[in-house]
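Reproduced below: final-v4.cif, with mmCIF, C-alpha atoms and all ligand atoms.
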```cif
data_data
loop_
_atom_site.group_PDB
_atom_site.id
_atom_site.type_symbol
_atom_site.label_atom_id
_atom_site.label_comp_id
_atom_site.auth_asym_id
_atom_site.auth_seq_id
_atom_site.Cartn_x
_atom_site.Cartn_y
_atom_site.Cartn_z
ATOM 1 C CA MET Y 19 70.189 76.927 121.584
ATOM 2 C CA ILE Y 20 67.013 78.942 122.166
ATOM 3 C CA PRO Y 21 67.494 82.274 123.968
ATOM 4 C CA ALA Y 22 65.597 83.146 127.124
ATOM 5 C CA ALA Y 23 62.458 85.195 126.461
ATOM 6 C CA PHE Y 24 63.046 88.892 125.816
ATOM 7 C CA GLU Y 25 61.171 91.983 124.703
ATOM 8 C CA TYR Y 26 62.207 93.541 121.390
ATOM 9 C CA VAL Y 27 62.411 97.339 120.997
ATOM 10 C CA ARG Y 28 63.344 99.158 117.776
ATOM 11 C CA ALA Y 29 65.311 102.397 118.055
ATOM 12 C CA ASN Y 30 65.073 104.741 115.065
ATOM 13 C CA SER Y 31 67.479 107.404 116.338
ATOM 14 C CA VAL Y 32 70.487 107.796 118.632
ATOM 15 C CA ASP Y 33 68.339 109.752 121.099
ATOM 16 C CA GLY Y 34 65.721 106.996 121.000
ATOM 17 C CA ALA Y 35 68.330 104.335 121.720
ATOM 18 C CA VAL Y 36 69.776 106.318 124.643
ATOM 19 C CA ALA Y 37 66.268 106.918 126.039
ATOM 20 C CA ALA Y 38 65.552 103.172 125.861
ATOM 21 C CA LEU Y 39 68.858 102.401 127.624
ATOM 22 C CA VAL Y 40 68.030 104.903 130.373
ATOM 23 C CA GLU Y 41 64.522 103.453 130.747
ATOM 24 C CA HIS Y 42 65.563 99.803 130.931
ATOM 25 C CA GLY Y 43 68.977 100.014 132.628
ATOM 26 C CA ASP Y 44 71.053 96.869 132.978
ATOM 27 C CA GLU Y 45 68.174 94.657 131.801
ATOM 28 C CA ALA Y 46 68.696 95.935 128.265
ATOM 29 C CA LYS Y 47 71.214 95.123 125.538
ATOM 30 C CA LEU Y 48 71.772 96.905 122.254
ATOM 31 C CA LEU Y 49 71.540 94.784 119.111
ATOM 32 C CA ALA Y 50 73.640 95.837 116.103
ATOM 33 C CA GLY Y 51 74.612 93.047 113.687
ATOM 34 C CA GLY Y 52 73.787 90.419 116.294
ATOM 35 C CA HIS Y 53 76.775 88.255 115.399
ATOM 36 C CA SER Y 54 78.234 88.302 118.904
ATOM 37 C CA LEU Y 55 75.172 89.038 121.029
ATOM 38 C CA LEU Y 56 72.821 86.430 119.549
ATOM 39 C CA PRO Y 57 75.254 83.492 119.923
ATOM 40 C CA LEU Y 58 75.752 84.501 123.568
ATOM 41 C CA MET Y 59 71.983 84.668 124.088
ATOM 42 C CA LYS Y 60 71.472 81.292 122.437
ATOM 43 C CA LEU Y 61 74.091 79.791 124.749
ATOM 44 C CA ARG Y 62 72.345 81.590 127.633
ATOM 45 C CA LEU Y 63 75.580 83.329 128.545
ATOM 46 C CA ALA Y 64 73.646 86.577 128.043
ATOM 47 C CA PHE Y 65 69.947 86.912 128.881
ATOM 48 C CA PRO Y 66 68.803 90.507 128.528
ATOM 49 C CA SER Y 67 65.085 90.941 129.117
ATOM 50 C CA ILE Y 68 65.018 93.863 126.630
ATOM 51 C CA VAL Y 69 66.830 93.895 123.287
ATOM 52 C CA ILE Y 70 67.098 97.349 121.699
ATOM 53 C CA ASP Y 71 67.636 97.010 117.954
ATOM 54 C CA ILE Y 72 69.782 99.907 116.702
ATOM 55 C CA GLY Y 73 69.966 98.508 113.154
ATOM 56 C CA PRO Y 74 67.358 101.012 111.887
ATOM 57 C CA ILE Y 75 69.600 104.003 112.787
ATOM 58 C CA LYS Y 76 70.928 104.436 109.259
ATOM 59 C CA GLU Y 77 72.690 107.694 110.179
ATOM 60 C CA LEU Y 78 75.294 105.551 112.020
ATOM 61 C CA ASP Y 79 76.279 103.688 108.841
ATOM 62 C CA PHE Y 80 78.762 105.976 107.075
ATOM 63 C CA VAL Y 81 82.394 106.628 106.184
ATOM 64 C CA ARG Y 82 83.543 110.220 105.670
ATOM 65 C CA GLU Y 83 86.768 112.230 105.616
ATOM 66 C CA GLU Y 84 87.138 115.120 108.045
ATOM 67 C CA GLY Y 85 90.532 116.814 107.673
ATOM 68 C CA ASP Y 86 93.258 114.479 108.925
ATOM 69 C CA GLU Y 87 90.733 111.884 110.076
ATOM 70 C CA VAL Y 88 88.409 109.302 108.623
ATOM 71 C CA VAL Y 89 85.213 109.050 110.631
ATOM 72 C CA VAL Y 90 83.324 105.756 110.590
ATOM 73 C CA GLY Y 91 79.799 105.297 111.933
ATOM 74 C CA ALA Y 92 79.370 102.608 114.585
ATOM 75 C CA LEU Y 93 76.910 100.665 112.421
ATOM 76 C CA THR Y 94 79.258 100.411 109.446
ATOM 77 C CA PRO Y 95 79.539 96.713 108.555
ATOM 78 C CA HIS Y 96 82.908 95.002 108.212
ATOM 79 C CA ALA Y 97 82.275 94.395 104.483
ATOM 80 C CA GLU Y 98 81.940 98.134 103.861
ATOM 81 C CA LEU Y 99 85.223 98.822 105.709
ATOM 82 C CA ALA Y 100 86.899 96.243 103.466
ATOM 83 C CA ARG Y 101 85.634 97.686 100.174
ATOM 84 C CA ASN Y 102 85.210 101.430 100.837
ATOM 85 C CA ASP Y 103 87.652 103.486 98.726
ATOM 86 C CA VAL Y 104 88.378 106.059 101.446
ATOM 87 C CA VAL Y 105 89.148 103.334 104.003
ATOM 88 C CA ARG Y 106 91.277 101.402 101.521
ATOM 89 C CA GLN Y 107 93.313 104.495 100.641
ATOM 90 C CA GLN Y 108 93.573 106.234 104.000
ATOM 91 C CA LEU Y 109 93.361 103.289 106.423
ATOM 92 C CA PRO Y 110 94.590 100.241 104.514
ATOM 93 C CA LEU Y 111 95.344 98.394 107.772
ATOM 94 C CA LEU Y 112 91.669 98.654 108.794
ATOM 95 C CA ALA Y 113 90.419 97.624 105.345
ATOM 96 C CA ARG Y 114 92.672 94.577 105.303
ATOM 97 C CA ALA Y 115 91.789 93.433 108.820
ATOM 98 C CA ALA Y 116 88.054 93.863 108.126
ATOM 99 C CA SER Y 117 88.375 91.741 104.980
ATOM 100 C CA LEU Y 118 89.703 88.851 107.097
ATOM 101 C CA ILE Y 119 86.836 88.764 109.614
ATOM 102 C CA GLY Y 120 84.795 85.565 109.587
ATOM 103 C CA ASP Y 121 82.884 84.757 106.419
ATOM 104 C CA PRO Y 122 80.825 86.958 104.050
ATOM 105 C CA GLN Y 123 77.687 86.683 106.188
ATOM 106 C CA VAL Y 124 79.560 87.798 109.313
ATOM 107 C CA ARG Y 125 81.178 90.668 107.393
ATOM 108 C CA HIS Y 126 77.856 91.872 106.002
ATOM 109 C CA ARG Y 127 75.950 91.740 109.303
ATOM 110 C CA GLY Y 128 78.667 92.499 111.870
ATOM 111 C CA THR Y 129 79.489 96.148 112.617
ATOM 112 C CA ILE Y 130 82.604 97.946 113.803
ATOM 113 C CA GLY Y 131 80.681 99.418 116.746
ATOM 114 C CA GLY Y 132 79.463 95.986 117.803
ATOM 115 C CA SER Y 133 82.936 94.534 117.580
ATOM 116 C CA LEU Y 134 84.498 97.334 119.667
ATOM 117 C CA ALA Y 135 81.688 97.357 122.256
ATOM 118 C CA HIS Y 136 81.840 93.579 122.576
ATOM 119 C CA ALA Y 137 85.603 93.827 123.239
ATOM 120 C CA ASP Y 138 86.553 90.232 122.639
ATOM 121 C CA PRO Y 139 90.377 90.073 122.800
ATOM 122 C CA ALA Y 140 90.264 87.525 119.942
ATOM 123 C CA SER Y 141 88.492 90.015 117.653
ATOM 124 C CA ASP Y 142 90.425 91.805 114.955
ATOM 125 C CA LEU Y 143 89.141 95.374 115.086
ATOM 126 C CA PRO Y 144 89.865 96.279 118.736
ATOM 127 C CA ALA Y 145 93.614 95.740 118.213
ATOM 128 C CA VAL Y 146 93.478 97.541 114.869
ATOM 129 C CA VAL Y 147 91.828 100.694 116.220
ATOM 130 C CA LEU Y 148 94.357 100.595 119.074
ATOM 131 C CA ALA Y 149 97.218 100.482 116.552
ATOM 132 C CA LEU Y 150 95.665 103.323 114.559
ATOM 133 C CA GLY Y 151 95.248 105.557 117.632
ATOM 134 C CA ALA Y 152 91.487 105.921 117.130
ATOM 135 C CA THR Y 153 89.112 107.947 119.251
ATOM 136 C CA LEU Y 154 85.737 106.383 120.005
ATOM 137 C CA VAL Y 155 82.705 108.618 120.410
ATOM 138 C CA ALA Y 156 79.900 107.622 122.776
ATOM 139 C CA GLN Y 157 76.511 109.222 123.325
ATOM 140 C CA GLY Y 158 74.663 108.958 126.619
ATOM 141 C CA PRO Y 159 72.072 110.843 128.642
ATOM 142 C CA ASP Y 160 74.691 113.484 129.541
ATOM 143 C CA GLY Y 161 75.721 114.040 125.935
ATOM 144 C CA ARG Y 162 78.680 113.070 123.805
ATOM 145 C CA ARG Y 163 82.016 111.789 125.138
ATOM 146 C CA GLU Y 164 85.287 110.811 123.504
ATOM 147 C CA ILE Y 165 87.238 107.720 124.605
ATOM 148 C CA ALA Y 166 90.799 107.051 123.412
ATOM 149 C CA ALA Y 167 91.153 103.540 122.022
ATOM 150 C CA GLY Y 168 93.867 102.950 124.633
ATOM 151 C CA ASP Y 169 91.308 103.575 127.396
ATOM 152 C CA MET Y 170 88.385 101.686 125.827
ATOM 153 C CA PHE Y 171 89.337 98.052 126.415
ATOM 154 C CA GLN Y 172 89.483 97.363 130.133
ATOM 155 C CA GLY Y 173 89.296 93.583 130.416
ATOM 156 C CA PHE Y 174 87.672 90.493 128.932
ATOM 157 C CA LEU Y 175 84.465 91.765 127.234
ATOM 158 C CA GLU Y 176 84.761 94.914 129.361
ATOM 159 C CA THR Y 177 84.909 98.457 128.029
ATOM 160 C CA ALA Y 178 84.859 102.035 129.258
ATOM 161 C CA LEU Y 179 81.298 102.463 127.929
ATOM 162 C CA ASP Y 180 78.630 103.172 130.536
ATOM 163 C CA GLU Y 181 75.465 101.053 130.526
ATOM 164 C CA GLU Y 182 73.459 103.993 129.223
ATOM 165 C CA GLU Y 183 75.889 104.859 126.428
ATOM 166 C CA LEU Y 184 75.824 104.050 122.743
ATOM 167 C CA LEU Y 185 78.973 104.026 120.622
ATOM 168 C CA THR Y 186 78.201 106.315 117.690
ATOM 169 C CA GLU Y 187 81.385 106.853 115.698
ATOM 170 C CA ILE Y 188 85.057 105.984 115.460
ATOM 171 C CA ARG Y 189 87.526 108.727 114.502
ATOM 172 C CA LEU Y 190 90.720 107.403 112.929
ATOM 173 C CA PRO Y 191 93.817 109.449 112.012
ATOM 174 C CA LYS Y 192 94.633 108.896 108.344
ATOM 175 C CA SER Y 193 97.602 106.575 107.982
ATOM 176 C CA ALA Y 194 98.208 106.679 104.204
ATOM 177 C CA GLY Y 195 101.953 106.772 103.534
ATOM 178 C CA ARG Y 196 102.902 104.774 106.622
ATOM 179 C CA GLY Y 197 104.061 101.164 106.368
ATOM 180 C CA TRP Y 198 101.440 98.724 107.598
ATOM 181 C CA SER Y 199 100.707 95.037 107.928
ATOM 182 C CA TYR Y 200 98.069 92.786 109.453
ATOM 183 C CA GLN Y 201 99.171 89.212 110.124
ATOM 184 C CA LYS Y 202 96.370 86.890 111.255
ATOM 185 C CA PHE Y 203 97.104 83.268 112.072
ATOM 186 C CA THR Y 204 94.131 80.899 111.981
ATOM 187 C CA ARG Y 205 93.557 77.167 111.740
ATOM 188 C CA ARG Y 206 91.071 77.677 108.880
ATOM 189 C CA SER Y 207 90.683 80.794 106.741
ATOM 190 C CA GLN Y 208 87.408 81.963 108.307
ATOM 191 C CA ASP Y 209 88.342 81.357 111.940
ATOM 192 C CA TRP Y 210 89.072 83.779 114.722
ATOM 193 C CA ALA Y 211 92.750 84.588 115.171
ATOM 194 C CA ILE Y 212 94.809 82.257 117.309
ATOM 195 C CA VAL Y 213 97.070 85.307 117.381
ATOM 196 C CA ALA Y 214 97.178 88.338 115.080
ATOM 197 C CA VAL Y 215 99.500 91.330 114.859
ATOM 198 C CA ALA Y 216 98.781 94.834 113.552
ATOM 199 C CA ALA Y 217 101.805 96.979 112.688
ATOM 200 C CA LEU Y 218 102.040 100.595 111.604
ATOM 201 C CA ILE Y 219 105.472 102.164 111.101
ATOM 202 C CA GLY Y 220 107.117 105.126 109.406
ATOM 203 C CA GLY Y 221 106.013 108.746 109.080
ATOM 204 C CA ASP Y 222 106.421 111.221 111.941
ATOM 205 C CA LEU Y 223 104.664 109.066 114.514
ATOM 206 C CA ALA Y 224 106.046 106.381 116.813
ATOM 207 C CA PRO Y 225 105.786 102.784 115.590
ATOM 208 C CA SER Y 226 102.660 100.967 116.654
ATOM 209 C CA VAL Y 227 102.448 97.197 117.135
ATOM 210 C CA THR Y 228 99.356 95.623 118.702
ATOM 211 C CA LEU Y 229 98.394 92.025 119.429
ATOM 212 C CA VAL Y 230 95.148 90.041 119.140
ATOM 213 C CA ASN Y 231 94.354 87.200 121.568
ATOM 214 C CA MET Y 232 97.436 87.739 123.707
ATOM 215 C CA GLY Y 233 95.621 88.701 126.912
ATOM 216 C CA THR Y 234 92.225 89.630 128.277
ATOM 217 C CA ARG Y 235 92.116 92.662 125.976
ATOM 218 C CA PRO Y 236 93.977 93.893 122.895
ATOM 219 C CA VAL Y 237 97.505 94.807 123.945
ATOM 220 C CA ARG Y 238 100.435 96.813 122.669
ATOM 221 C CA ALA Y 239 103.669 94.946 122.042
ATOM 222 C CA GLU Y 240 105.389 97.590 124.134
ATOM 223 C CA ALA Y 241 108.831 95.991 124.198
ATOM 224 C CA ALA Y 242 108.815 95.613 120.407
ATOM 225 C CA GLU Y 243 107.702 99.223 119.960
ATOM 226 C CA ALA Y 244 110.497 100.406 122.276
ATOM 227 C CA ALA Y 245 113.048 98.304 120.390
ATOM 228 C CA LEU Y 246 111.999 99.906 117.105
ATOM 229 C CA VAL Y 247 112.273 103.390 118.619
ATOM 230 C CA ALA Y 248 115.783 102.443 119.795
ATOM 231 C CA GLY Y 249 116.699 101.583 116.195
ATOM 232 C CA GLU Y 250 116.765 97.812 116.541
ATOM 233 C CA SER Y 251 115.974 95.596 113.542
ATOM 234 C CA PRO Y 252 112.544 94.051 112.860
ATOM 235 C CA SER Y 253 113.916 90.649 113.964
ATOM 236 C CA GLU Y 254 115.276 92.051 117.224
ATOM 237 C CA ALA Y 255 112.041 93.907 117.922
ATOM 238 C CA ALA Y 256 109.917 90.863 117.037
ATOM 239 C CA ALA Y 257 111.890 88.653 119.423
ATOM 240 C CA VAL Y 258 110.502 90.646 122.371
ATOM 241 C CA ALA Y 259 106.963 91.071 121.020
ATOM 242 C CA ALA Y 260 105.387 88.817 123.655
ATOM 243 C CA ASP Y 261 107.302 90.309 126.599
ATOM 244 C CA GLY Y 262 104.920 91.305 129.377
ATOM 245 C CA THR Y 263 101.913 89.526 127.836
ATOM 246 C CA GLU Y 264 99.822 86.817 129.485
ATOM 247 C CA PRO Y 265 98.164 85.003 126.588
ATOM 248 C CA PRO Y 266 95.364 82.534 127.252
ATOM 249 C CA ALA Y 267 95.682 78.766 126.889
ATOM 250 C CA ASP Y 268 92.740 76.922 125.317
ATOM 251 C CA LEU Y 269 91.923 73.919 123.138
ATOM 252 C CA VAL Y 270 93.526 75.599 120.129
ATOM 253 C CA ALA Y 271 96.843 76.792 121.529
ATOM 254 C CA SER Y 272 98.930 76.891 124.674
ATOM 255 C CA SER Y 273 100.110 80.153 126.147
ATOM 256 C CA GLU Y 274 103.701 79.357 125.124
ATOM 257 C CA TYR Y 275 102.658 78.656 121.546
ATOM 258 C CA ARG Y 276 100.840 81.992 121.393
ATOM 259 C CA LYS Y 277 104.023 83.751 122.591
ATOM 260 C CA HIS Y 278 105.986 81.999 119.867
ATOM 261 C CA LEU Y 279 103.383 82.995 117.273
ATOM 262 C CA ALA Y 280 103.431 86.612 118.428
ATOM 263 C CA ALA Y 281 107.172 86.800 117.754
ATOM 264 C CA VAL Y 282 106.938 85.123 114.343
ATOM 265 C CA LEU Y 283 103.948 87.198 113.214
ATOM 266 C CA THR Y 284 105.489 90.443 114.472
ATOM 267 C CA ARG Y 285 108.630 89.783 112.432
ATOM 268 C CA ARG Y 286 106.519 89.123 109.342
ATOM 269 C CA ALA Y 287 104.403 92.207 110.037
ATOM 270 C CA LEU Y 288 107.408 94.502 110.491
ATOM 271 C CA GLU Y 289 109.114 93.148 107.388
ATOM 272 C CA GLU Y 290 105.971 93.609 105.297
ATOM 273 C CA ALA Y 291 105.274 97.062 106.763
ATOM 274 C CA GLY Y 292 108.846 98.073 106.028
ATOM 275 C CA SER Y 293 108.472 97.081 102.377
ATOM 276 C CA ARG Y 294 105.387 99.307 101.839
HETATM 277 P P1 LIG G 301 76.203 92.613 118.212
HETATM 278 O O1 LIG G 301 76.371 91.150 118.283
HETATM 279 O O2 LIG G 301 74.892 93.132 117.796
HETATM 280 O O3 LIG G 301 76.571 93.268 119.627
HETATM 281 C C1 LIG G 301 77.742 92.863 120.330
HETATM 282 C C2 LIG G 301 77.789 93.617 121.663
HETATM 283 O O4 LIG G 301 78.058 94.990 121.454
HETATM 284 C C3 LIG G 301 76.470 93.563 122.446
HETATM 285 O O5 LIG G 301 76.779 93.551 123.820
HETATM 286 C C4 LIG G 301 75.799 94.871 122.080
HETATM 287 O O6 LIG G 301 74.895 95.306 123.080
HETATM 288 C C5 LIG G 301 76.986 95.806 121.943
HETATM 289 N N1 LIG G 301 76.816 96.871 120.952
HETATM 290 C C6 LIG G 301 76.597 96.705 119.627
HETATM 291 N N2 LIG G 301 76.620 97.893 119.010
HETATM 292 C C7 LIG G 301 76.846 98.826 119.975
HETATM 293 C C8 LIG G 301 76.981 100.239 119.960
HETATM 294 N N3 LIG G 301 76.912 100.957 118.822
HETATM 295 N N4 LIG G 301 77.216 100.879 121.141
HETATM 296 C C9 LIG G 301 77.329 100.184 122.288
HETATM 297 N N5 LIG G 301 77.206 98.837 122.358
HETATM 298 C C10 LIG G 301 76.964 98.173 121.211
HETATM 299 N N6 LIG G 301 85.032 88.862 114.706
HETATM 300 C C11 LIG G 301 86.324 89.085 114.428
HETATM 301 O O7 LIG G 301 86.863 90.121 114.818
HETATM 302 N N7 LIG G 301 87.077 88.192 113.708
HETATM 303 C C12 LIG G 301 86.553 87.026 113.242
HETATM 304 O O8 LIG G 301 87.263 86.272 112.571
HETATM 305 C C13 LIG G 301 85.200 86.752 113.535
HETATM 306 N N8 LIG G 301 84.629 85.604 113.116
HETATM 307 C C14 LIG G 301 83.319 85.366 113.414
HETATM 308 C C15 LIG G 301 82.748 84.174 112.986
HETATM 309 C C16 LIG G 301 81.417 83.899 113.288
HETATM 310 C C17 LIG G 301 80.834 82.595 112.817
HETATM 311 C C18 LIG G 301 80.641 84.835 114.015
HETATM 312 C C19 LIG G 301 79.199 84.570 114.346
HETATM 313 C C20 LIG G 301 81.198 86.034 114.441
HETATM 314 C C21 LIG G 301 82.537 86.309 114.153
HETATM 315 N N9 LIG G 301 83.133 87.483 114.556
HETATM 316 C C22 LIG G 301 84.456 87.720 114.276
HETATM 317 C C23 LIG G 301 82.380 88.489 115.356
HETATM 318 C C24 LIG G 301 81.795 89.555 114.442
HETATM 319 O O9 LIG G 301 82.808 90.400 113.987
HETATM 320 C C25 LIG G 301 80.729 90.369 115.169
HETATM 321 O O10 LIG G 301 79.967 90.938 114.169
HETATM 322 C C26 LIG G 301 81.188 91.472 116.068
HETATM 323 O O11 LIG G 301 82.053 91.003 117.059
HETATM 324 C C27 LIG G 301 80.011 92.120 116.776
HETATM 325 O O12 LIG G 301 79.365 93.021 115.937
HETATM 326 P P2 LIG G 301 77.804 93.032 115.813
HETATM 327 O O13 LIG G 301 77.453 94.258 115.037
HETATM 328 O O14 LIG G 301 77.343 91.744 115.292
HETATM 329 O O15 LIG G 301 77.383 93.264 117.341
#
```
Could I get this structure in the form of structure tokens?
Ligand code: FAD
Amino acid sequence: MIPAAFEYVRANSVDGAVAALVEHGDEAKLLAGGHSLLPLMKLRLAFPSIVIDIGPIKELDFVREEGDEVVVGALTPHAELARNDVVRQQLPLLARAASLIGDPQVRHRGTIGGSLAHADPASDLPAVVLALGATLVAQGPDGRREIAAGDMFQGFLETALDEEELLTEIRLPKSAGRGWSYQKFTRRSQDWAIVAVAALIGGDLAPSVTLVNMGTRPVRAEAAEAALVAGESPSEAAAVAADGTEPPADLVASSEYRKHLAAVLTRRALEEAGSR
């Protein structure tokens, strides 16, 4: 449980972090809250020789409204997303999901940027930003680049970020007024989701239903979304929620059980979203 030896570098600015990434290349890893990276290092599943601590970049810890969007800095901790008034009013789905992550220590140290860059399909926030239609902003040596949430998650722990890029902010369309629900099924209250479902319906936009831990990355329940667009009931849409998915099997649940859960949780999510 002791990580391999590494050199520790503190970055005090976004430019400083990018410069360190350019200098050290694939030997380096960014450190945000450390609640995914450090366990991997202790298990020796990750062994960067340089760890670049971006925690000191306080300018990346913010929540602000910009027109029709809420913009969240990459270093905003989960606990702030859960309690921030703007997030609670304009993005209640995000606030609720953040409040269900791990335990208080995880929520106070872990950051939204770290969760999205880590891209664990069992994590809550990747599927939530996918449901919300977020745009992720990255900064690299060639400047700033926007990545649609739908393009960000490419496979198990794989994202569209380049090695020399830092995720700086997440831009989320306000969703106040739309029906929403986040249904997370766990063995114990502080566990990772066996399966979770994020639903956003109503308003002028198409319904959005996304799934946690139902594949190698967060996925849309496309068949359920299409059923809702076709005017089918929440139960009918939920029945096809797992169509086209390939959920993992592990010690906690079989693939078939996850498919069953996806249907049950999608029905609950659509019923709750419809009542809001
Ligand atoms: P770090 O661990 O610091 O970094 C994770 C990865 O992202 C690293 O590869 C790092 O280089 C990279 N990275 C970090 N920030 C950036 C950035 N700005 N730009 C580019 N790359 C970056 N998560 C859930 O969703 N649900 C849970 O229920 C849950 N339970 C947990 C329980 C425990 C006991 C623990 C330890 C963790 C749990 N987590 C859970 C994970 C937690 O949410 C992590 O905080 C999160 O996944 C990673 O955020 P971090 O800031 O700690 O990132």
What are the closest atom pairs, with distances in Å to one decimal, for all residues of region 161-203 of chain Y lying within 12 Å of region 72-79 of chain Y? Consider all atoms listed in the file, order rows by chain and residue number, and present the result as CSV.
```
residue,atom,partner,partner_atom,distance
Y:Leu184,CA,Y:Ile72,CA,9.5
Y:Leu185,CA,Y:Leu78,CA,9.5
Y:Thr186,CA,Y:Leu78,CA,6.4
Y:Glu187,CA,Y:Leu78,CA,7.2
Y:Ile188,CA,Y:Leu78,CA,10.4
```
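Nearest residue to ligand LIG 301 (chain G), choosing from Y:Pro252, Y:Gly173, Y:Gly158, Y:Gly233 and counting only C-alpha atoms and all ligand atoms: Y:Gly158.
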Practice task
Could you tell me, counting all atoms listed in the file, which protein and nucleic acid residues lie no more than 7 Å from ligand LIG 301 (chain G), written as a ChimeraX atom specification?
Solution key: /Y:47-57,92-93,118-121,124-125,127-133,135-136,140-143,183-186,208-211
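In this model, the gap between CA of Leu99 (chain Y) and CA of Leu229 (chain Y) comes to 20.2 Å.
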note - CA of Gly34 (chain Y) and CA of Ser67 (chain Y) are separated by 18.0 Å
Checklist entry - Written as a list in words, what is the full residue list that the PyMOL selection byres (((chain Y and resi 192) around 10) and not hetatm) yields on the file shown? => result Glu83, Glu84, Gly85, Asp86, Glu87, Val88, Val89, Val104, Val105, Gln107, Gln108, Leu109, Pro110, Leu150, Gly151, Ala152, Arg189, Leu190, Pro191, Ser193, Ala194, Gly195 and Arg196 of chain Y
note - CA of Ala239 (chain Y) and CA of Ala257 (chain Y) are separated by 10.7 Å
| said: Under the PyMOL selection byres (((chain Y and resi 63-66) around 7) and not hetatm), which residues of this model are included? Write them out as a ChimeraX atom specification. | reply: /Y:22,24,45-47,58-59,61-62,67-69
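Across Y:Glu98, Y:Asp169, Y:Glu164, Y:Glu41, the tightest approach to Glu181 (chain Y) is made by Y:Glu41 when counting all atoms listed in the file.
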Show me, as AutoDock Vina command-line options, the centre and edge lengths in Å to one decimal of the axis-aligned box that covers every listed atom of region 40-50 of chain Y with 3 Å on each side.
```
--center_x 69.1 --center_y 99.8 --center_z 124.5 --size_x 15.1 --size_y 16.2 --size_z 22.9
```
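Distances to Ala291 (chain Y) were evaluated for Y:Ala178, Y:Gln201, Y:Ala35, Y:Met232 using only C-alpha atoms, and the minimum falls at Y:Gln201.
Using only C-alpha atoms, the smallest distance between any of Y:Glu274, Y:Glu182, Y:Asp261, Y:Glu250 and Asp160 (chain Y) comes from Y:Glu182.
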Could you expand the PyMOL selection byres (((chain Y and resi 176) around 9) and not hetatm) into the explicit residues it covers here, written as an MDAnalysis selection string?
-> chainID Y and resid 135:138 170:175 177:179 235
Q. Hey, what's within 12 Å of Ile219 (chain Y) if we count all atoms listed in the file and toss same-chain stuff fewer than 2 positions away? As a VMD selection string, please?
A. chain Y and resid 111 149 to 150 193 to 199 216 to 217 221 to 228 242 to 243 246 to 247 252 287 to 294
